[in-house]
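K.L.:
Just my_file23.cif, nothing more (mmCIF, C-alpha atoms):
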```cif
data_work
#
loop_
_atom_site.label_atom_id
_atom_site.label_comp_id
_atom_site.auth_asym_id
_atom_site.auth_seq_id
_atom_site.Cartn_x
_atom_site.Cartn_y
_atom_site.Cartn_z
CA MET A 1 27.18 7.11 1.56
CA ALA A 2 29.00 4.43 3.54
CA SER A 3 26.93 1.64 5.04
CA SER A 4 26.54 1.56 8.80
CA ARG A 5 27.67 -1.36 10.90
CA LEU A 6 24.07 -2.37 11.48
CA GLU A 7 23.32 -2.43 7.75
CA ILE A 8 26.42 -4.54 7.05
CA ASN A 9 25.36 -7.10 9.65
CA PHE A 10 21.84 -7.07 8.23
CA ILE A 11 23.10 -7.75 4.71
CA ARG A 12 25.29 -10.62 5.95
CA LEU A 13 22.41 -12.24 7.81
CA LEU A 14 20.06 -11.70 4.85
CA SER A 15 22.56 -13.36 2.50
CA ARG A 16 22.87 -16.28 4.92
CA CYS A 17 19.08 -16.67 5.08
CA GLU A 18 18.85 -16.68 1.28
CA SER A 19 21.55 -19.34 1.15
CA ILE A 20 19.71 -21.54 3.66
CA ALA A 21 16.40 -21.03 1.82
CA SER A 22 17.97 -22.23 -1.44
CA GLU A 23 19.04 -25.50 0.18
CA LYS A 24 16.86 -28.53 0.80
CA ARG A 25 15.82 -28.37 4.44
CA GLY A 26 14.39 -30.98 6.75
CA GLU A 27 11.48 -30.60 9.11
CA THR A 28 13.87 -30.14 12.03
CA GLU A 29 15.56 -27.15 10.43
CA TRP A 30 15.00 -24.20 12.76
CA ARG A 31 17.72 -21.74 11.82
CA LEU A 32 15.87 -20.00 9.01
CA ASP A 33 12.85 -19.26 11.20
CA LYS A 34 15.05 -17.77 13.92
CA TYR A 35 17.19 -15.83 11.44
CA VAL A 36 14.14 -14.28 9.75
CA GLY A 37 12.87 -13.12 13.15
CA ALA A 38 16.26 -11.52 13.79
CA LEU A 39 16.10 -9.88 10.34
CA GLU A 40 12.77 -8.26 11.23
CA GLU A 41 14.23 -6.79 14.40
CA MET A 42 17.32 -5.50 12.57
CA LEU A 43 15.14 -4.01 9.82
CA ALA A 44 13.07 -2.12 12.40
CA ALA A 45 16.30 -0.84 13.95
CA LEU A 46 17.56 0.23 10.51
CA ARG A 47 14.46 2.38 9.97
CA LYS A 48 15.11 4.21 13.25
CA ASN A 49 18.87 4.52 12.72
CA PRO A 50 20.03 8.11 12.01
CA SER A 51 22.38 6.81 9.28
CA LYS A 52 19.72 4.63 7.70
CA PRO A 53 20.01 3.61 4.01
CA THR A 54 17.99 5.15 1.22
CA GLN A 55 14.27 4.63 0.96
CA GLU A 56 14.73 2.47 -2.14
CA ALA A 57 17.17 0.18 -0.30
CA LEU A 58 14.83 -0.06 2.70
CA THR A 59 11.96 -1.00 0.40
CA ASP A 60 14.01 -3.77 -1.21
CA TYR A 61 15.16 -5.05 2.21
CA THR A 62 11.54 -5.14 3.38
CA ARG A 63 10.51 -6.97 0.21
CA LYS A 64 13.15 -9.66 0.77
CA VAL A 65 12.29 -10.15 4.45
CA GLU A 66 8.57 -10.41 3.61
CA PHE A 67 9.44 -12.95 0.91
CA LEU A 68 11.33 -15.12 3.40
CA LYS A 69 8.46 -14.87 5.89
CA GLY A 70 5.95 -15.87 3.22
CA LEU A 71 8.20 -18.74 2.16
CA LEU A 72 8.26 -20.11 5.72
CA GLU A 73 4.49 -19.76 6.05
CA ALA A 74 3.94 -21.53 2.72
CA GLU A 75 6.15 -24.44 3.78
CA LYS A 76 3.97 -24.97 6.85
CA LEU A 77 0.90 -25.66 4.70
CA SER A 78 -0.19 -29.28 4.45
CA SER A 79 -1.32 -29.52 0.83
CA SER A 80 1.05 -29.16 -2.10
CA THR A 81 -1.68 -27.28 -3.97
CA GLU A 82 -1.91 -24.72 -1.17
CA LYS A 83 1.86 -24.40 -1.16
CA ALA A 84 1.91 -23.78 -4.92
CA LEU A 85 -0.86 -21.16 -4.64
CA ALA A 86 0.89 -19.42 -1.75
CA ASN A 87 4.18 -19.34 -3.68
CA GLN A 88 2.43 -17.68 -6.62
CA PHE A 89 1.81 -14.59 -4.46
CA LEU A 90 5.36 -14.29 -3.13
CA ALA A 91 7.33 -11.29 -4.41
CA PRO A 92 11.13 -11.77 -4.42
CA GLY A 93 13.66 -8.96 -4.21
CA ARG A 94 14.57 -6.90 -7.26
CA THR A 95 18.26 -6.30 -6.62
CA PRO A 96 21.10 -8.66 -5.60
CA THR A 97 21.92 -8.70 -1.91
CA ILE A 98 25.68 -8.96 -2.44
CA ALA A 99 27.79 -7.78 -5.36
CA SER A 100 28.79 -11.30 -6.47
CA GLU A 101 25.20 -12.25 -7.33
CA ARG A 102 24.18 -11.99 -10.97
CA MET A 103 20.51 -12.47 -10.15
CA PRO A 104 18.76 -11.76 -6.84
CA ALA A 105 19.00 -14.81 -4.60
CA THR A 106 15.38 -14.48 -3.55
CA LYS A 107 14.33 -14.74 -7.19
CA THR A 108 16.37 -17.93 -7.56
CA VAL A 109 14.80 -19.32 -4.39
CA HIS A 110 11.37 -18.42 -5.73
CA MET A 111 11.98 -20.33 -8.96
CA GLN A 112 13.34 -23.35 -7.06
CA THR A 113 10.36 -23.34 -4.71
CA LYS A 114 7.89 -23.14 -7.58
CA ALA A 115 9.60 -26.06 -9.30
CA ARG A 116 9.62 -28.06 -6.06
CA CYS A 117 5.92 -27.41 -5.46
CA THR A 118 5.10 -28.40 -9.03
CA GLY A 119 7.02 -31.64 -8.57
CA GLU A 120 5.21 -32.37 -5.30
CA MET A 121 1.86 -31.73 -6.99
CA ARG A 122 2.78 -34.09 -9.83
CA ASN A 123 3.92 -36.81 -7.44
CA GLU A 124 0.79 -36.39 -5.35
CA LEU A 125 -1.43 -36.65 -8.40
CA LEU A 126 0.42 -39.70 -9.69
CA SER A 127 0.28 -41.42 -6.33
CA THR A 128 -3.41 -40.57 -6.00
CA GLY A 129 -4.16 -41.93 -9.45
CA LEU A 130 -2.27 -45.15 -8.84
CA SER A 131 -3.74 -45.70 -5.39
CA GLY A 132 -7.24 -45.08 -6.73
CA THR A 133 -6.85 -47.96 -9.19
CA GLY A 134 -5.21 -50.26 -6.64
CA ILE A 135 -2.11 -50.73 -8.84
CA SER A 136 1.37 -49.85 -7.66
CA GLU A 137 4.00 -48.23 -9.83
CA THR A 138 6.11 -51.43 -9.70
CA ASP A 139 3.21 -53.49 -10.96
CA LEU A 140 2.73 -51.08 -13.83
CA ARG A 141 6.37 -51.37 -14.81
CA ASN A 142 6.21 -55.19 -14.62
CA ARG A 143 3.09 -55.31 -16.76
CA ARG A 144 4.32 -53.09 -19.55
CA GLY A 145 5.24 -56.14 -21.54
CA LEU A 146 1.60 -56.87 -22.24
CA PRO A 147 -0.21 -54.76 -24.80
CA ARG A 148 -3.45 -54.73 -22.84
CA ASP A 149 -1.70 -53.60 -19.69
CA GLU A 150 0.09 -50.96 -21.66
CA ARG A 151 -3.21 -49.62 -22.90
CA GLN A 152 -4.58 -49.68 -19.36
CA SER A 153 -1.50 -47.90 -18.01
CA ALA A 154 -1.77 -45.30 -20.76
CA ALA A 155 -5.42 -44.71 -19.88
CA GLU A 156 -4.57 -44.36 -16.21
CA LEU A 157 -1.75 -41.97 -17.00
CA ASP A 158 -4.07 -39.94 -19.22
CA ALA A 159 -6.56 -39.75 -16.35
CA VAL A 160 -3.87 -38.56 -13.97
CA LEU A 161 -2.63 -35.98 -16.46
CA GLN A 162 -6.18 -34.83 -17.09
CA ARG A 163 -6.73 -34.40 -13.36
CA HIS A 164 -3.49 -32.47 -13.13
CA HIS A 165 -4.60 -30.29 -16.03
CA ASN A 166 -7.99 -29.66 -14.40
CA LEU A 167 -6.26 -28.73 -11.16
CA GLN A 168 -4.03 -26.28 -13.00
CA GLU A 169 -7.05 -24.75 -14.73
CA LYS A 170 -8.83 -24.37 -11.37
CA LEU A 171 -5.74 -22.72 -9.93
CA ALA A 172 -5.50 -20.36 -12.89
CA GLU A 173 -9.22 -19.57 -12.60
CA ASP A 174 -8.87 -18.78 -8.89
CA MET A 175 -5.95 -16.47 -9.62
CA LEU A 176 -7.95 -14.82 -12.41
CA ASN A 177 -10.91 -14.26 -10.08
CA LEU A 178 -8.59 -12.83 -7.48
CA ALA A 179 -7.04 -10.47 -10.03
CA ARG A 180 -10.53 -9.48 -11.25
CA ASN A 181 -11.69 -8.74 -7.71
CA LEU A 182 -8.55 -6.72 -7.08
CA LYS A 183 -9.17 -4.74 -10.26
CA ASN A 184 -12.80 -4.10 -9.31
CA ASN A 185 -11.79 -2.94 -5.83
CA THR A 186 -9.16 -0.66 -7.34
CA LEU A 187 -11.67 0.85 -9.77
CA ALA A 188 -14.19 1.34 -6.96
CA ALA A 189 -11.56 3.06 -4.85
CA GLN A 190 -10.62 5.29 -7.80
CA ASN A 191 -14.27 6.27 -8.30
CA ILE A 192 -14.67 7.10 -4.61
CA ILE A 193 -11.50 9.20 -4.66
CA LYS A 194 -12.68 10.94 -7.83
CA GLN A 195 -16.04 11.78 -6.25
CA ASP A 196 -14.33 13.04 -3.12
CA ASN A 197 -12.07 15.25 -5.24
CA GLN A 198 -15.09 16.66 -7.07
CA THR A 199 -16.88 17.37 -3.79
CA LEU A 200 -13.76 19.02 -2.42
CA SER A 201 -13.41 21.17 -5.55
CA GLN A 202 -17.04 22.28 -5.30
CA SER A 203 -16.60 23.12 -1.63
CA MET A 204 -13.49 25.17 -2.38
CA ARG A 205 -15.29 26.96 -5.21
CA GLN A 206 -18.24 27.74 -2.94
CA ALA A 207 -15.86 28.95 -0.24
CA ASP A 208 -14.22 31.32 -2.74
CA LEU A 209 -17.62 32.70 -3.76
CA ASN A 210 -18.61 33.21 -0.13
CA PHE A 211 -15.32 34.97 0.52
CA GLU A 212 -15.88 37.34 -2.40
CA LYS A 213 -19.41 38.10 -1.21
CA LEU A 214 -18.17 38.69 2.32
CA LYS A 215 -15.48 41.01 1.02
CA THR A 216 -18.03 43.01 -1.01
CA GLU A 217 -20.40 43.32 1.90
CA SER A 218 -17.53 44.40 4.18
CA GLU A 219 -16.58 47.17 1.76
CA ARG A 220 -20.19 48.36 1.54
CA LEU A 221 -20.50 48.35 5.32
CA GLU A 222 -17.28 50.32 5.63
CA GLN A 223 -18.51 52.93 3.16
CA HIS A 224 -21.84 53.18 4.93
CA THR A 225 -20.08 53.60 8.27
CA LYS A 226 -17.92 56.41 6.87
CA LYS A 227 -20.97 58.20 5.50
CA SER A 228 -22.77 57.99 8.83
CA VAL A 229 -19.77 59.39 10.69
CA ASN A 230 -19.53 62.31 8.24
CA TRP A 231 -23.21 63.25 8.72
CA VAL A 232 -22.91 63.15 12.51
CA LEU A 233 -19.75 65.26 12.42
CA TRP A 234 -21.37 67.91 10.25
CA LEU A 235 -24.44 67.94 12.46
CA MET A 236 -22.30 68.45 15.57
CA LEU A 237 -20.38 71.28 13.92
CA ILE A 238 -23.59 73.02 12.95
CA LEU A 239 -25.02 72.59 16.42
CA VAL A 240 -21.87 73.97 18.08
CA SER A 241 -21.75 76.91 15.67
CA PHE A 242 -25.39 77.72 16.27
CA THR A 243 -24.90 77.57 20.03
CA PHE A 244 -21.85 79.87 19.84
CA ILE A 245 -23.65 82.43 17.68
CA SER A 246 -26.68 82.34 19.93
CA MET A 247 -24.55 83.07 22.98
CA ILE A 248 -22.87 86.01 21.23
CA LEU A 249 -26.24 87.45 20.26
CA PHE A 250 -27.61 86.90 23.74
CA ILE A 251 -24.68 88.77 25.27
CA ARG A 252 -25.02 91.67 22.81
CA ILE A 253 -28.75 92.00 23.24
CA PHE A 254 -28.79 91.68 26.98
CA PRO A 255 -25.75 93.51 28.35
CA LYS A 256 -24.52 92.82 31.84
CA LEU A 257 -26.47 94.55 34.53
CA ARG A 258 -24.53 96.83 36.79
#
```
Show the structure stored in the file as structure tokens.

P.N.:
Amino acid sequence: MASSRLEINFIRLLSRCESIASEKRGETEWRLDKYVGALEEMLAALRKNPSKPTQEALTDYTRKVEFLKGLLEAEKLSSSTEKALANQFLAPGRTPTIASERMPATKTVHMQTKARCTGEMRNELLSTGLSGTGISETDLRNRRGLPRDERQSAAELDAVLQRHHNLQEKLAEDMLNLARNLKNNTLAAQNIIKQDNQTLSQSMRQADLNFEKLKTESERLEQHTKKSVNWVLWLMLILVSFTFISMILFIRIFPKLR
């Protein structure tokens, strides 16, 4: 099925947004935010369009737009740790936006963003470690000629790396707890749905039994009604016959007076 004009414009704008997201942007960069807002409006129009794309394509478009929105929200966070954690939960698109892409552009942007956040975390940890000891990086480089200073620098670097490692472990633990909570919520929802299904099955079974009983009682009532009608009919016939015979006898016995 041929793409509509609206879908073609949407794909062009989406490709442009992915290209801007892959570049290094300054704080004054405003185009991506505006473009993503326009993408949301075009996506809503695509869903209402009579010649809308397939459901699979719409799902992938929505996934990419949500990824770009999440990317913008993550960049607004102040801490590099928060940025890294937010980027962990972003879901890039699964298919290329344009035919010339070997790999989805959103996936490439996701990898670049993760690498950038990791670098910012490392720089932040290194700067924190150096500032905590009151020694600048230049001083460390100038003092490397002395064995004692080298040992001190190595110890400081080990402390920074250990802090980085502890931070990574905390991040992994938080993600593990989040996954565990999600699993528990999913299992609880499954149990509730299973109980509801069992209750519904019992209700349907009871309804079937009640229907069968009602059907049986209806048949019995119908038979009883037929029997009652037959007895009344026979009784009326007998009564009419008796009345007719009585009149005949009365006329024969008592002739008409002249």

K.L.:
Using all atoms listed in the file, find the one residue out of A:Asn197, A:Asn184, A:Thr54, A:Ser19 that sits nearest to Lys107 in chain A.

P.N.:
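Under the stated criterion, the closest residue is A:Ser19.
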
K.L.:
Would you work out the distance separating CA of Glu124 in chain A from CA of Asp158 in chain A, expressed in Å to one decimal?

P.N.:
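These atoms are spaced 15.1 Å apart.
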
K.L.:
Identify the residues around (24.0, -12.6, 7.0) within a radius of 12 Å, measuring from all atoms listed in the file in the coordinates stated by the file, and give them as a PyMOL selection string.

P.N.:
chain A and resi 6-20+32+35-36+38-39+42+97-98

K.L.:
Can you tell me which residues surround range 72-86 of chain A at a distance of at most 8 Å, considering all atoms listed in the file, apart from same-chain residues fewer than 6 positions away, and format the answer as a PyMOL selection string?

P.N.:
chain A and resi 33+114+117-118+120-121+124+171

K.L.:
Atoms to include: C-alpha atoms. Write the selected residues as a short mmCIF file (atom, residue, chain, number, x, y, z; two decimals), in the frame of the given file.

P.N.:
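What landed in part.cif:
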```cif
data_model
loop_
_atom_site.label_atom_id
_atom_site.label_comp_id
_atom_site.auth_asym_id
_atom_site.auth_seq_id
_atom_site.Cartn_x
_atom_site.Cartn_y
_atom_site.Cartn_z
CA ASP A 33 12.85 -19.26 11.20
CA LYS A 114 7.89 -23.14 -7.58
CA CYS A 117 5.92 -27.41 -5.46
CA THR A 118 5.10 -28.40 -9.03
CA GLU A 120 5.21 -32.37 -5.30
CA MET A 121 1.86 -31.73 -6.99
CA GLU A 124 0.79 -36.39 -5.35
CA LEU A 171 -5.74 -22.72 -9.93
#
```

K.L.:
Using all atoms listed in the file, which residue out of A:Gln88, A:Leu125, A:Asn230, A:Ala21 lies closest to Asp174 in chain A?

P.N.:
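Nearest to Asp174 in chain A: A:Gln88.
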
K.L.:
Mind pulling up the distance from CA of Lys24 in chain A to CA of Pro104 in chain A?

P.N.:
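Between CA of Pro104 in chain A and CA of Lys24 in chain A the gap works out to 18.5 Å.
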
K.L.:
Quick one, how far is CA of Pro50 in chain A from CA of Ser4 in chain A?

P.N.:
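The value is 9.8 Å.
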
K.L.:
Of the candidates A:Thr216, A:Gln168, A:Thr95, A:Ser22, which shows the shortest atom-to-atom distance to Leu58 in chain A, using only C-alpha atoms?

P.N.:
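Checking each candidate against Leu58 in chain A, we get A:Thr95 as the closest.
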
K.L.:
Can you work out which one of A:Arg180, A:Arg122, A:Lys34, A:Lys64 has the shortest atom-to-atom distance to Leu167 in chain A, counting all atoms listed in the file?

P.N.:
A:Arg122

K.L.:
Hey, which of A:His110, A:Lys48, A:Val65, A:Phe211 ends up closest to Phe89 in chain A? Count all atoms listed in the file.

P.N.:
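Under the stated criterion, the closest residue is A:His110.
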